[in-house]
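Engineer: Provided herewith: query-v1.txt, compact mmCIF, C-alpha atoms and all ligand atoms.
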# COMPACT_ATOMS: atom_id res chain seq x y z
CA MET A 20 115.20 31.29 -81.27
CA TYR A 21 115.03 34.71 -82.91
CA ASP A 22 111.35 35.06 -82.01
CA SER A 23 111.93 33.99 -78.42
CA TYR A 24 114.67 36.54 -78.08
CA LEU A 25 112.48 39.33 -79.41
CA HIS A 26 109.80 38.24 -76.93
CA ASP A 27 112.13 39.00 -74.01
CA ILE A 28 112.66 35.38 -73.05
CA PRO A 29 115.96 35.30 -71.14
CA LEU A 30 118.89 33.91 -73.11
CA TYR A 31 119.51 31.08 -70.67
CA VAL A 32 115.91 29.85 -71.13
CA ILE A 33 116.31 29.98 -74.90
CA LYS A 34 119.44 27.87 -74.49
CA GLU A 35 117.64 25.28 -72.37
CA GLN A 36 114.82 25.06 -74.89
CA ALA A 37 117.28 24.76 -77.76
CA PHE A 38 119.17 21.93 -76.06
CA LYS A 39 115.90 20.11 -75.44
CA LEU A 40 115.14 20.40 -79.15
CA GLY A 41 118.45 18.79 -79.95
CA PHE A 42 120.66 21.83 -80.43
CA LYS A 43 124.17 20.40 -80.27
CA ALA A 44 126.58 23.31 -80.02
CA ARG A 45 127.84 23.89 -76.47
CA GLY A 46 129.70 26.75 -74.92
CA ASN A 47 128.46 29.85 -73.18
CA THR A 48 127.92 31.95 -76.26
CA ALA A 49 126.59 29.31 -78.68
CA VAL A 50 123.14 30.87 -78.87
CA GLU A 51 124.49 34.41 -79.08
CA ARG A 52 126.65 33.32 -82.02
CA ILE A 53 123.58 32.06 -83.85
CA LEU A 54 121.60 35.18 -83.10
CA THR A 55 124.32 37.41 -84.54
CA ASN A 56 125.30 35.21 -87.48
CA PRO A 57 124.25 36.87 -90.76
CA VAL A 58 124.26 33.48 -92.50
CA TYR A 59 120.79 32.76 -91.11
CA ALA A 60 119.44 35.84 -92.81
CA GLY A 61 120.88 34.74 -96.14
CA MET A 62 123.92 36.97 -95.88
CA LEU A 63 127.65 36.57 -95.59
CA GLN A 64 130.24 38.34 -93.51
CA VAL A 65 133.05 39.13 -95.92
CA GLN A 66 136.56 40.20 -94.92
CA GLY A 67 138.01 43.15 -96.79
CA TYR A 68 140.43 42.14 -99.53
CA LYS A 69 142.86 44.48 -101.32
CA GLU A 70 140.77 47.41 -102.56
CA TYR A 71 137.44 45.74 -101.76
CA PRO A 72 135.86 46.74 -98.46
CA GLY A 73 134.60 44.04 -96.10
CA GLY A 74 131.09 43.94 -94.67
CA ILE A 75 127.85 42.01 -94.71
CA PHE A 76 126.62 41.09 -98.17
CA PRO A 77 123.68 39.18 -99.60
CA ALA A 78 124.68 35.57 -100.27
CA ILE A 79 123.26 33.05 -102.69
CA HIS A 80 121.89 30.60 -100.15
CA GLU A 81 118.32 30.86 -98.94
CA ALA A 82 117.57 32.81 -95.74
CA ILE A 83 116.07 30.98 -92.78
CA ILE A 84 115.31 34.22 -90.98
CA ASP A 85 113.82 37.20 -92.75
CA ASN A 86 115.91 40.30 -92.90
CA THR A 87 113.64 42.44 -90.72
CA THR A 88 113.63 39.94 -87.84
CA TRP A 89 117.39 39.60 -88.10
CA GLN A 90 117.84 43.37 -87.94
CA LEU A 91 115.53 43.65 -84.90
CA VAL A 92 117.54 41.01 -83.08
CA GLN A 93 120.83 42.77 -83.89
CA ASN A 94 119.50 46.09 -82.58
CA LYS A 95 118.31 44.43 -79.41
CA MET A 96 121.58 42.54 -78.87
CA LYS A 97 123.47 45.82 -78.95
CA LYS A 98 121.55 47.19 -75.96
CA PRO A 99 122.65 45.87 -72.61
CA GLU A 100 119.86 44.02 -70.82
CA LYS A 101 118.44 46.28 -68.15
CA ILE A 102 117.46 43.69 -65.62
CA ARG A 103 118.38 40.05 -65.65
CA THR A 104 115.33 38.21 -64.49
CA ILE A 105 115.86 34.73 -63.20
CA LEU A 106 112.71 32.72 -63.69
CA ASP A 107 111.17 31.23 -60.57
CA GLU A 108 108.01 29.11 -60.77
CA ASN A 109 106.86 30.53 -57.44
CA LEU A 110 107.27 34.13 -58.55
CA PRO A 111 106.02 34.39 -62.12
CA LEU A 112 105.40 38.14 -61.81
CA ARG A 113 108.96 38.97 -60.84
CA GLY A 114 110.36 41.54 -63.24
CA ILE A 115 106.89 42.30 -64.64
CA LEU A 116 104.77 43.69 -61.81
CA LYS A 117 105.60 47.29 -60.93
CA CYS A 118 105.24 49.36 -57.80
CA HIS A 119 103.08 52.50 -57.98
CA CYS A 120 106.35 54.46 -57.94
CA GLY A 121 107.36 52.83 -61.22
CA ASN A 122 110.02 50.50 -59.81
CA ILE A 123 109.83 46.90 -60.85
CA LEU A 124 109.02 44.76 -57.81
CA THR A 125 111.54 42.18 -56.79
CA GLY A 126 110.35 38.81 -55.61
CA ALA A 127 111.89 36.66 -52.92
CA PRO A 128 111.00 34.29 -50.12
CA SER A 129 111.10 35.60 -46.59
CA ARG A 130 110.60 33.90 -43.25
CA GLY A 131 107.19 34.43 -41.62
CA LYS A 132 106.39 34.46 -37.89
CA SER A 133 105.87 30.70 -37.81
CA GLY A 134 109.34 30.17 -39.23
CA LYS A 135 107.90 29.03 -42.56
CA TYR A 136 109.04 30.74 -45.74
CA PHE A 137 106.59 32.83 -47.78
CA ASN A 138 107.11 34.56 -51.11
CA TYR A 139 106.81 38.30 -51.39
CA TYR A 140 106.89 40.94 -54.11
CA LYS A 141 108.64 43.98 -52.82
CA CYS A 142 109.64 47.50 -53.87
CA LYS A 143 113.17 48.58 -53.10
CA THR A 144 111.82 51.77 -51.51
CA SER A 145 110.82 51.04 -47.93
CA LYS A 146 107.12 51.42 -46.96
CA HIS A 147 106.13 50.86 -50.58
CA ASN A 148 104.72 47.53 -51.71
CA ASN A 149 105.61 44.39 -49.81
CA ILE A 150 102.87 42.01 -50.82
CA SER A 151 102.32 38.34 -50.27
CA ALA A 152 102.85 36.51 -53.54
CA LEU A 153 100.06 34.12 -52.63
CA LYS A 154 97.59 36.98 -52.30
CA ALA A 155 98.82 38.64 -55.49
CA HIS A 156 98.51 35.36 -57.41
CA ASN A 157 95.00 34.66 -56.11
CA GLN A 158 93.89 38.16 -57.06
CA LEU A 159 95.32 37.73 -60.52
CA ALA A 160 93.56 34.40 -60.92
CA GLU A 161 90.24 36.07 -60.04
CA ILE A 162 90.96 38.81 -62.57
CA PHE A 163 91.51 36.18 -65.25
CA GLU A 164 88.29 34.48 -64.25
CA LEU A 165 86.44 37.75 -64.85
CA MET A 166 88.24 38.22 -68.16
CA SER A 167 86.98 34.93 -69.54
CA LEU A 168 84.45 35.24 -72.33
CA PRO A 169 81.03 33.57 -72.52
CA GLN A 170 80.46 31.10 -75.35
CA ASN A 171 78.12 33.37 -77.33
CA ILE A 172 80.72 36.15 -77.56
CA ILE A 173 83.28 33.61 -78.73
CA SER A 174 80.98 32.32 -81.47
CA ASP A 175 80.43 35.90 -82.62
CA ILE A 176 84.17 36.53 -82.78
CA LYS A 177 84.66 33.32 -84.74
CA LYS A 178 82.07 34.33 -87.30
CA SER A 179 83.37 37.86 -87.72
CA SER A 180 86.96 36.68 -87.88
CA VAL A 181 86.09 34.47 -90.86
CA THR A 182 84.75 37.52 -92.67
CA LYS A 183 87.75 39.62 -91.64
CA MET A 184 90.11 36.89 -92.74
CA GLU A 185 88.57 36.76 -96.18
CA GLU A 186 88.79 40.55 -96.49
CA ASN A 187 92.41 40.47 -95.36
CA LEU A 188 93.33 37.78 -97.83
CA LYS A 189 91.82 39.84 -100.61
CA SER A 190 93.65 43.03 -99.67
CA ASN A 191 96.89 41.13 -99.04
CA LYS A 192 96.65 39.70 -102.54
CA LEU A 193 96.44 43.21 -103.93
CA VAL A 194 99.47 44.33 -101.92
CA VAL A 195 101.41 41.22 -102.93
CA ASN A 196 100.70 41.96 -106.59
CA GLN A 197 101.89 45.55 -106.18
CA LYS A 198 105.01 44.35 -104.39
CA LYS A 199 105.71 41.90 -107.22
CA ILE A 200 105.58 44.75 -109.72
CA LEU A 201 107.95 46.81 -107.54
CA LEU A 202 110.21 43.80 -107.18
CA ASP A 203 110.43 43.28 -110.94
CA ALA A 204 111.21 46.96 -111.45
CA ALA A 205 113.93 46.97 -108.78
CA GLN A 206 115.49 43.82 -110.17
CA GLU A 207 115.50 45.27 -113.65
CA LYS A 208 117.22 48.42 -112.38
CA MET A 209 119.78 46.26 -110.61
CA PHE A 210 120.60 44.43 -113.84
CA SER A 211 120.89 47.67 -115.75
CA VAL A 212 123.28 49.09 -113.13
CA GLU A 213 125.35 45.91 -113.42
CA GLU A 214 125.36 46.20 -117.18
CA LYS A 215 126.50 49.83 -117.05
CA TRP A 216 129.31 48.87 -114.73
CA ILE A 217 130.43 46.00 -116.92
CA LYS A 218 130.49 48.36 -119.90
CA ASN A 219 132.52 50.82 -117.79
CA GLU A 220 129.88 53.52 -118.09
CA ILE A 221 129.79 54.15 -114.32
CA SER A 222 132.35 54.13 -111.53
CA LYS A 223 132.64 51.45 -108.86
CA GLU A 224 131.31 53.94 -106.29
CA THR A 225 128.22 54.76 -108.32
CA TYR A 226 127.68 51.09 -108.93
CA ASP A 227 127.97 50.26 -105.21
CA ARG A 228 125.61 53.01 -104.22
CA TRP A 229 122.85 52.06 -106.66
CA TYR A 230 123.36 48.37 -106.21
CA THR A 231 122.84 48.74 -102.44
CA THR A 232 119.75 50.92 -102.96
CA TYR A 233 118.09 48.49 -105.34
CA ASN A 234 119.18 45.48 -103.39
CA THR A 235 117.56 46.83 -100.21
CA GLU A 236 114.39 47.41 -102.22
CA VAL A 237 114.48 43.88 -103.61
CA THR A 238 115.00 42.37 -100.15
CA SER A 239 112.22 44.37 -98.56
CA CYS A 240 109.79 43.47 -101.39
CA LYS A 241 110.67 39.78 -101.06
CA ASP A 242 110.19 39.91 -97.29
CA SER A 243 106.77 41.54 -97.60
CA ILE A 244 105.66 39.04 -100.23
CA THR A 245 106.69 36.08 -98.07
CA ARG A 246 105.07 37.55 -94.99
CA LEU A 247 101.80 38.51 -96.63
CA SER A 248 101.45 35.20 -98.44
CA HIS A 249 101.83 32.88 -95.46
CA VAL A 250 101.51 34.36 -92.01
CA ASP A 251 97.92 35.48 -92.10
CA LYS A 252 96.40 32.10 -92.81
CA HIS A 253 98.56 30.59 -90.12
CA ALA A 254 97.52 33.19 -87.54
CA PHE A 255 93.90 32.68 -88.49
CA THR A 256 94.03 28.92 -87.96
CA ILE A 257 95.66 29.43 -84.59
CA LEU A 258 93.05 32.01 -83.66
CA GLN A 259 90.12 29.76 -84.54
CA LYS A 260 91.65 26.86 -82.69
CA ASN A 261 92.46 28.87 -79.59
CA LEU A 262 89.41 31.07 -79.23
CA ASP A 263 87.69 28.41 -77.14
CA LEU A 264 90.46 28.74 -74.58
CA LEU A 265 89.12 32.20 -73.75
CA VAL A 266 86.13 30.58 -72.03
CA ASP A 267 88.30 29.82 -69.02
CA LEU A 268 91.33 32.07 -68.82
CA LYS A 269 91.92 31.23 -65.19
CA SER A 270 92.65 27.56 -65.73
CA LEU A 271 94.43 28.34 -68.99
CA TYR A 272 96.77 30.57 -66.99
CA ASN A 273 97.19 27.99 -64.24
CA ARG A 274 98.13 25.29 -66.73
CA ALA A 275 100.63 27.52 -68.55
CA THR A 276 104.40 27.29 -68.20
CA ILE A 277 106.14 30.14 -66.44
CA THR A 278 107.29 31.73 -69.70
CA GLN A 279 103.77 31.54 -71.11
CA LYS A 280 102.39 33.07 -67.91
CA ARG A 281 104.76 35.98 -68.17
CA GLU A 282 104.02 36.50 -71.86
CA PHE A 283 100.31 36.38 -71.17
CA VAL A 284 100.39 38.95 -68.35
CA LYS A 285 102.56 41.27 -70.44
CA LEU A 286 100.26 40.89 -73.42
CA VAL A 287 96.97 41.39 -71.59
CA PHE A 288 98.13 44.53 -69.74
CA ASP A 289 100.50 45.76 -72.43
CA SER A 290 103.40 45.51 -69.93
CA ASN A 291 101.72 48.01 -67.59
CA LEU A 292 100.73 46.19 -64.43
CA TYR A 293 101.08 48.07 -61.17
CA TYR A 294 100.18 47.41 -57.56
CA GLN A 295 99.16 49.80 -54.83
CA ASP A 296 97.17 49.59 -51.59
CA GLY A 297 96.33 45.94 -52.03
CA ILE A 298 94.99 46.26 -55.56
CA TYR A 299 96.31 45.86 -59.09
CA ARG A 300 96.22 48.86 -61.37
CA THR A 301 96.64 49.26 -65.09
CA PRO A 302 96.15 51.97 -67.70
CA THR A 303 96.11 49.42 -70.52
CA MET A 304 94.16 46.21 -70.98
CA ILE A 305 93.08 44.31 -74.06
CA ASP A 306 89.64 45.69 -74.85
CA LEU A 307 88.04 42.35 -75.49
CA LEU A 308 88.95 41.14 -72.01
CA SER A 309 88.00 44.28 -70.12
CA ARG A 310 84.21 44.03 -70.15
CA ASN A 311 84.06 43.14 -66.41
CA HIS A 312 86.45 45.84 -65.26
CA LEU A 313 83.85 47.49 -63.01
CA LEU A 314 83.27 44.19 -61.28
CA MET A 315 87.02 43.80 -60.86
CA LYS A 316 87.08 47.21 -59.18
CA GLN A 317 84.12 46.32 -56.92
CA LYS A 318 85.85 43.16 -55.82
CA GLY A 319 89.03 45.07 -55.03
CA LEU A 320 91.07 43.22 -57.66
CA LEU A 321 92.02 45.71 -60.32
CA LEU A 322 91.58 49.38 -61.10
CA TYR A 323 91.50 49.96 -64.83
CA ASN A 324 92.15 53.60 -65.55
CA LYS A 325 92.15 53.77 -69.28
CA LYS A 326 95.13 55.60 -70.64
CA ARG A 327 94.37 58.85 -72.38
CA ASP A 328 96.67 60.42 -74.86
CA ASP A 329 96.89 63.79 -73.13
CA PHE A 330 98.06 62.72 -69.69
CA SER A 331 99.34 59.69 -67.94
CA ILE A 332 97.34 58.41 -64.98
CA ILE A 333 100.08 56.37 -63.44
CA PRO A 334 102.84 58.78 -62.48
CA SER A 335 106.41 57.75 -63.02
CA SER A 336 107.62 59.56 -59.89
CA GLY A 337 106.87 58.71 -56.28
CA VAL A 338 103.97 61.15 -55.84
CA ALA A 339 101.34 58.53 -56.46
CA GLU A 340 99.17 59.15 -53.43
CA ASN A 341 97.80 62.57 -54.20
CA ARG A 342 97.75 62.00 -57.93
CA THR A 343 95.80 58.76 -58.03
CA ARG A 344 92.79 60.34 -56.32
CA VAL A 345 92.15 62.56 -59.31
CA GLN A 346 90.95 59.61 -61.33
CA THR A 347 87.84 59.88 -63.42
CA SER A 348 85.36 57.06 -63.39
CA ASN A 349 86.15 55.32 -66.59
ZN ZN B 401 107.84 51.69 -54.89
In structure tokens, how does this file's structure come out?
Ligand SMILES: [Zn+2]

Structural biologist:
Amino acid sequence: MYDSYLHDIPLYVIKEQAFKLGFKARGNTAVERILTNPVYAGMLQVQGYKEYPGGIFPAIHEAIIDNTTWQLVQNKMKKPEKIRTILDENLPLRGILKCHCGNILTGAPSRGKSGKYFNYYKCKTSKHNNISALKAHNQLAEIFELMSLPQNIISDIKKSSVTKMEENLKSNKLVVNQKKILLDAAQEKMFSVEEKWIKNEISKETYDRWYTTYNTEVTSCKDSITRLSHVDKHAFTILQKNLDLLVDLKSLYNRATITQKREFVKLVFDSNLYYQDGIYRTPTMIDLLSRNHLLMKQKGLLLYNKKRDDFSIIPSSGVAENRTRVQTSN
């Protein structure tokens, strides 16, 4: 749930998925209550009592969600959602694909000459993009076809990822050991602060201040240790298993659910997918999948203008026409 939320999956979809998995609580804000409940991060919300201030404190039960993830979710919940995207199987790019002017294209059906309904992606500025969804989807499918990797490249990646994995495990072990030493030290300091307070050698304020400092250190060390000890091996297994899927990205995409499709498009183009004059444009694309970008350009599918650090190729204002001609051939 926390991960889905951080991956921009709309709350109502998270709710549907949760209910399918057997989540029992009902009510409009059931999921929101879970996302904001500190209990899942191993903490407790405590009401102030007499001279003791209230707040969120570490509890003794084990955390289901690590502290960092919990914090990220809280920060995100505070910001109002910019655009509520309602997922529509026929318009997977709605809310993702942008007009050359920077606006996010809306998607909706509209009646054609024959009286039949067709789907379109459209900019809210008139005379900007108004493209047939069918055409846009076919173009995207062809792009994915050209992104697919031949078997020999995949075997090479598999081999080198084994080596990388072993190197990573080694260096992670070193970091974990260092973190364990830091953890011990922080815990020791925490005990000594407690001891001083019990013996009345320091004030409650001093105690609180140092306790919080050391406690944050302890939590962050514990989080890093957990993360470095487990995640990598897991990611590696997934990678090895899924590399073969890169042989045919087109059918992988076609088989995907709408949420997966959206995630995939965002990931591949780093959330920068534009459309102008009948062609997709992007300043960012995963390197590994970009080897056919010249062919994509030839076929009128996608212009890949690699983003440089010193200037941005895709302008954020509406002056796209004269700016886009100054592209270099890269
Ligand atoms: Zn526009």

Engineer: Can you list, as a PyMOL selection string, every protein, DNA or RNA residue that comes within 10 Å of range 293-308 of chain A when you count all atoms listed in the file, leaving out same-chain residues fewer than 2 positions away?

Structural biologist: chain A and resi 115-124+140+147-151+154-155+158-159+162-163+165-168+172+265+268+284-291+310-312+315-316+318-327+331-333+339-340

Engineer: Which one is closest to Asn109 in chain A: A:Ala205, A:Leu54, A:Tyr230, A:Thr276? Count only C-alpha atoms.

Structural biologist: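 Using only C-alpha atoms, the shortest distance to Asn109 in chain A belongs to A:Thr276.
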
Engineer: Return the single residue from A:Leu264, A:Leu110, A:Leu292, A:Val65 that is closest to Ala152 in chain A, with distances computed using all atoms listed in the file.

Structural biologist: A:Leu110

Engineer: I want to know what sits within 12 Å of Val194 in chain A, based on only C-alpha atoms, with residues of the same chain fewer than 2 positions away left out; could you give that as a PyMOL selection string?

Structural biologist: chain A and resi 187-192+196-202+240+243-248

Engineer: Please list as a list in words every residue within 12 Å of range 210-213 of chain A, counting all atoms listed in the file and excluding residues in the same chain fewer than 5 positions away.

Structural biologist: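 Non-adjacent residues within range: Asp203, Ala204, Ala205, Lys218, Asn219, Glu220, Ile221, Ser222, Lys223, Glu224, Thr225, Tyr226, Asp227, Arg228, Trp229, Tyr230, Thr231, Thr232, Tyr233, Asn234 and Val237 of chain A.
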
Engineer: Considering only C-alpha atoms and all ligand atoms, state which residue in the set A:Thr182, A:Thr55, A:Ser145, A:Asn261 is at the smallest distance from ligand ZN 401 (chain B).

Structural biologist: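 Checking each candidate against ligand ZN 401 (chain B), we get A:Ser145 as the closest.
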
Engineer: Could you tell me how far CA of Thr125 in chain A lies from CA of Thr104 in chain A, in Å and to one decimal?

Structural biologist: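 For CA of Thr125 in chain A relative to CA of Thr104 in chain A, the distance reads 9.5 Å.
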
Engineer: What does the distance from CA of Tyr59 in chain A to CA of Pro29 in chain A come to in Å, to one decimal?

Structural biologist: 20.7 Å

Engineer: To one decimal in Å, tell me the separation between CA of Phe76 in chain A and CA of Trp216 in chain A.

Structural biologist: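 One can read the CA of Phe76 in chain A to CA of Trp216 in chain A distance as 18.5 Å.
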
Engineer: So, with only C-alpha atoms and all ligand atoms as the atoms that count, which of A:Arg281, A:Lys178, A:Lys146, A:Lys183 lies closest to ligand ZN 401 (chain B)?

Structural biologist: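 Among the listed residues, A:Lys146 lies closest to ligand ZN 401 (chain B).
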
Engineer: Taking all atoms of range 304-308 of chain A that the file lists, what box with edges along x, y and z, padded by 3 Å per side, do you get, with centre and edge lengths in Å to one decimal, as JSON?

Structural biologist:
{"center_x": 91.1, "center_y": 43.7, "center_z": -73.2, "size_x": 12.1, "size_y": 11.1, "size_z": 10.5}

Engineer: Restricting the calculation to only C-alpha atoms and all ligand atoms: of A:Ala254, A:Cys142, A:Val266, A:Ile105, which residue gets closest to ligand ZN 401 (chain B)?

Structural biologist: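 For ligand ZN 401 (chain B), the nearest of the given residues is A:Cys142.
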
Engineer: Write out as an MDAnalysis selection string which residues come within 9 Å of Lys280 in chain A when counting all atoms listed in the file, dropping same-chain ones fewer than 6 positions away.

Structural biologist: chainID A and resid 111:112 272:274

Engineer: Between A:Leu262, A:Lys177, A:Ile217, A:Thr144, which has the minimum distance to ligand ZN 401 (chain B) (counting only C-alpha atoms and all ligand atoms)?

Structural biologist: A:Thr144

Engineer: Neighbouring residues of Thr87 in chain A were defined as those with any atom within 10 Å, considering all atoms listed in the file; residues of the same chain fewer than 6 positions away were excluded. Please report them as a ChimeraX atom specification.

Structural biologist: /A:60,93,238-239,242-243

Engineer: Can you spit out the residues from that selection as a compact mmCIF listing (two decimals), in the coordinates of the input, using C-alpha atoms?

Structural biologist:
# COMPACT_ATOMS: atom_id res chain seq x y z
CA ALA A 60 119.44 35.84 -92.81
CA GLN A 93 120.83 42.77 -83.89
CA THR A 238 115.00 42.37 -100.15
CA SER A 239 112.22 44.37 -98.56
CA ASP A 242 110.19 39.91 -97.29
CA SER A 243 106.77 41.54 -97.60
